[in-house]
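S.K.: Right, I'll just put the structure down here and ask away after.
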Amino acid sequence: MKKSNFMIKSLMGIAVLFMVSCNSDDSISCPADLTGALNATETEFSGTWIFTGMMAEEAIDITDDKTDNPNKDVFAQYSACDRDLVYSFNSDRKYSLKQGSLASDCNNKESLAGTWSLTADNALTFVANCASQTTKIVMGEEGDTFSYSSTLTFRDVSGLVKTTKVTFTYTKQEQNETPQ
């Protein structure tokens, strides 16, 4: 369950940075939803993207399998439910991020919805839950993957805390392909 909570918090935290701006009357000022027609970069990018990789710069062991087996491939150490993350970027600027919606018997079902934009230099912006965040992504050569990096802190199975840079990868699903 700790891995599920960590995954939800880290990925949702990356997807949406909770920032509150206040004015003199202490009221909350939320960013406006993103609107307007998609540009060429966004049109090509829109669709369904499945979480397919999570590589750390330093090996870490987060599997409680009674074996000391640290690995840089963090994705392989997660359960099917924890790896089950799907972004849907729609042509009306709405997006959703769902966890646990495809794998069987997931207790950690979560979802987030908001609006999105992508610039020609691959700055992906999300607006949701009264917050806005922009993340620089790297598109794969074929345009069917994107990735971004973040520095995260893990607690391994022995209780040691490690901080390392992690790269998250998503793969685009063809329109007629059902997410797995």
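Residues are named by chain letter and number: chains run A, B, ... in the order of the structure tokens, numbers start at 1 in each chain, and ligands are numbered from 1 in the order shown.
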If you run DSSP on the backbone here, which positions in region 98-153 of chain A get strand (DSSP E or B)? Please write them as a ChimeraX atom specification.
M.R.: /A:98-99,110-118,123-128,131-136,138-139,145-153
S.K.: Could you take the residues named above and write them with N, CA and C atoms, as an mmCIF file, in the first residue's frame?
M.R.:
```
data_model
loop_
_atom_site.group_PDB
_atom_site.id
_atom_site.type_symbol
_atom_site.label_atom_id
_atom_site.label_comp_id
_atom_site.auth_asym_id
_atom_site.auth_seq_id
_atom_site.Cartn_x
_atom_site.Cartn_y
_atom_site.Cartn_z
ATOM 1 N N LYS A 98 -5.832 8.599 -15.136
ATOM 2 C CA LYS A 98 -6.505 7.563 -14.357
ATOM 3 C C LYS A 98 -5.490 6.531 -13.900
ATOM 4 N N GLN A 99 -5.613 6.117 -12.640
ATOM 5 C CA GLN A 99 -4.798 5.047 -12.099
ATOM 6 C C GLN A 99 -5.716 3.912 -11.676
ATOM 7 N N GLU A 110 -7.754 5.971 -8.846
ATOM 8 C CA GLU A 110 -7.722 7.423 -8.702
ATOM 9 C C GLU A 110 -7.947 8.043 -10.064
ATOM 10 N N SER A 111 -8.440 9.256 -10.097
ATOM 11 C CA SER A 111 -8.543 9.970 -11.361
ATOM 12 C C SER A 111 -8.401 11.465 -11.107
ATOM 13 N N LEU A 112 -7.951 12.140 -12.139
ATOM 14 C CA LEU A 112 -7.738 13.571 -12.105
ATOM 15 C C LEU A 112 -8.130 14.087 -13.481
ATOM 16 N N ALA A 113 -8.779 15.234 -13.536
ATOM 17 C CA ALA A 113 -9.177 15.812 -14.817
ATOM 18 C C ALA A 113 -8.918 17.302 -14.804
ATOM 19 N N GLY A 114 -8.675 17.833 -15.978
ATOM 20 C CA GLY A 114 -8.426 19.259 -16.107
ATOM 21 C C GLY A 114 -8.245 19.615 -17.573
ATOM 22 N N THR A 115 -7.465 20.663 -17.827
ATOM 23 C CA THR A 115 -7.186 21.088 -19.195
ATOM 24 C C THR A 115 -5.679 21.072 -19.415
ATOM 25 N N TRP A 116 -5.273 21.089 -20.696
ATOM 26 C CA TRP A 116 -3.860 20.942 -21.020
ATOM 27 C C TRP A 116 -3.479 21.793 -22.222
ATOM 28 N N SER A 117 -2.160 22.025 -22.358
ATOM 29 C CA SER A 117 -1.602 22.638 -23.561
ATOM 30 C C SER A 117 -0.176 22.132 -23.728
ATOM 31 N N LEU A 118 0.330 22.200 -24.945
ATOM 32 C CA LEU A 118 1.693 21.771 -25.255
ATOM 33 C C LEU A 118 2.269 22.758 -26.251
ATOM 34 N N ALA A 123 6.767 22.078 -23.801
ATOM 35 C CA ALA A 123 6.391 22.427 -22.434
ATOM 36 C C ALA A 123 4.918 22.046 -22.269
ATOM 37 N N LEU A 124 4.665 21.009 -21.469
ATOM 38 C CA LEU A 124 3.316 20.485 -21.256
ATOM 39 C C LEU A 124 2.749 21.127 -19.997
ATOM 40 N N THR A 125 1.618 21.821 -20.156
ATOM 41 C CA THR A 125 0.992 22.522 -19.040
ATOM 42 C C THR A 125 -0.333 21.856 -18.690
ATOM 43 N N PHE A 126 -0.559 21.688 -17.391
ATOM 44 C CA PHE A 126 -1.795 21.131 -16.847
ATOM 45 C C PHE A 126 -2.449 22.181 -15.968
ATOM 46 N N VAL A 127 -3.773 22.279 -16.025
ATOM 47 C CA VAL A 127 -4.541 23.081 -15.081
ATOM 48 C C VAL A 127 -5.625 22.158 -14.537
ATOM 49 N N ALA A 128 -5.610 21.973 -13.204
ATOM 50 C CA ALA A 128 -6.605 21.117 -12.548
ATOM 51 C C ALA A 128 -6.613 21.433 -11.060
ATOM 52 N N ALA A 131 -4.952 24.549 -9.640
ATOM 53 C CA ALA A 131 -3.493 24.602 -9.729
ATOM 54 C C ALA A 131 -3.063 24.497 -11.180
ATOM 55 N N SER A 132 -1.842 24.942 -11.429
ATOM 56 C CA SER A 132 -1.260 24.869 -12.760
ATOM 57 C C SER A 132 0.187 24.428 -12.633
ATOM 58 N N GLN A 133 0.630 23.583 -13.557
ATOM 59 C CA GLN A 133 2.017 23.160 -13.574
ATOM 60 C C GLN A 133 2.461 22.949 -15.010
ATOM 61 N N THR A 134 3.692 23.330 -15.304
ATOM 62 C CA THR A 134 4.280 23.100 -16.606
ATOM 63 C C THR A 134 5.486 22.189 -16.444
ATOM 64 N N THR A 135 5.545 21.143 -17.261
ATOM 65 C CA THR A 135 6.627 20.171 -17.225
ATOM 66 C C THR A 135 7.236 20.077 -18.611
ATOM 67 N N LYS A 136 8.545 20.134 -18.683
ATOM 68 C CA LYS A 136 9.246 19.963 -19.948
ATOM 69 C C LYS A 136 9.318 18.469 -20.248
ATOM 70 N N VAL A 138 10.221 15.248 -23.145
ATOM 71 C CA VAL A 138 11.086 14.880 -24.259
ATOM 72 C C VAL A 138 10.315 13.879 -25.111
ATOM 73 N N MET A 139 10.115 14.226 -26.366
ATOM 74 C CA MET A 139 9.406 13.327 -27.287
ATOM 75 C C MET A 139 10.392 12.318 -27.870
ATOM 76 N N THR A 145 6.406 8.158 -27.979
ATOM 77 C CA THR A 145 6.711 8.139 -26.553
ATOM 78 C C THR A 145 7.033 9.556 -26.094
ATOM 79 N N PHE A 146 6.784 9.802 -24.828
ATOM 80 C CA PHE A 146 7.297 11.018 -24.213
ATOM 81 C C PHE A 146 7.783 10.663 -22.819
ATOM 82 N N SER A 147 8.719 11.453 -22.331
ATOM 83 C CA SER A 147 9.257 11.210 -21.000
ATOM 84 C C SER A 147 9.539 12.540 -20.314
ATOM 85 N N TYR A 148 9.649 12.473 -19.012
ATOM 86 C CA TYR A 148 10.060 13.615 -18.208
ATOM 87 C C TYR A 148 10.790 13.076 -16.987
ATOM 88 N N SER A 149 11.612 13.906 -16.389
ATOM 89 C CA SER A 149 12.396 13.474 -15.233
ATOM 90 C C SER A 149 12.052 14.303 -14.016
ATOM 91 N N SER A 150 12.229 13.678 -12.870
ATOM 92 C CA SER A 150 11.978 14.333 -11.596
ATOM 93 C C SER A 150 12.870 13.672 -10.549
ATOM 94 N N THR A 151 13.274 14.426 -9.565
ATOM 95 C CA THR A 151 14.053 13.863 -8.467
ATOM 96 C C THR A 151 13.083 13.443 -7.374
ATOM 97 N N LEU A 152 13.159 12.160 -7.000
ATOM 98 C CA LEU A 152 12.244 11.595 -6.011
ATOM 99 C C LEU A 152 13.018 10.960 -4.866
ATOM 100 N N THR A 153 12.356 10.838 -3.735
ATOM 101 C CA THR A 153 12.933 10.171 -2.578
ATOM 102 C C THR A 153 12.179 8.876 -2.346
#
```
S.K.: What lies within 10 Å of Cys106 (chain A) using only C-alpha atoms, ignoring chain neighbours under 4 positions off, as an NGL selection string?
M.R.: :A and (79-82 or 84 or 99-102 or 110)
S.K.: Can you pull out the residues contacting Glu44 (chain A)? Cut-off 9 Å, using only C-alpha atoms, and skip same-chain residues under 4 positions away; I want them as a list in words.
M.R.: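 After dropping sequence-adjacent residues, the list is Asn39, Ala40 and Gly143 of chain A.
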S.K.: Between A:Gln77, A:Asn71, A:Asn122, A:Thr35, which has the minimum distance to Ile137 (chain A) (counting only C-alpha atoms)?
M.R.: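 Among the listed residues, the smallest separation from Ile137 (chain A) belongs to A:Asn122.
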S.K.: Would you list the contacts of region 54-64 of chain A as a list of chain:residue names, taking every protein, DNA or RNA residue within 6 Å and counting only C-alpha atoms, but skipping same-chain residues closer than 2 positions in sequence?
M.R.: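 The residues that qualify are A:Lys66, A:Asn69, A:Pro70, A:Asn71, A:Lys72, A:Asp73, A:Val74, A:Phe75, A:Gln77, A:Asp156, A:Val157, A:Lys165, A:Val166, A:Thr167, A:Phe168.
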S.K.: What does the distance from CA of Cys30 (chain A) to CA of Phe89 (chain A) come to in Å, to one decimal?
M.R.: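 Interatomic distance here is 21.4 Å.
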S.K.: Taking only C-alpha atoms into account, name the residue in A:Thr171, A:Thr119, A:Thr43, A:Asn90 that is nearest to Asp144 (chain A).
M.R.: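 Under the stated criterion, the closest residue is A:Thr171.
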S.K.: Just checking: using only C-alpha atoms, which residue out of A:Glu42, A:Ser91, A:Ala120, A:Leu85 ends up closest to Asn108 (chain A)?
M.R.: A:Leu85
S.K.: Find the residue from A:Thr164, A:Thr41, A:Ser29, A:Ser104 that sits nearest to Asp121 (chain A); use only C-alpha atoms when measuring.
M.R.: A:Thr41
S.K.: Check region 24-138 of chain A with DSSP on the backbone and list each residue it calls alpha helix (DSSP H), as an NGL selection string.
M.R.: :A and (40-45 or 74-77 or 80-83)
S.K.: CA of Val86 (chain A) to CA of Lys162 (chain A): how many Å, to one decimal?
M.R.: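 CA of Lys162 (chain A) lies 27.0 Å from CA of Val86 (chain A).
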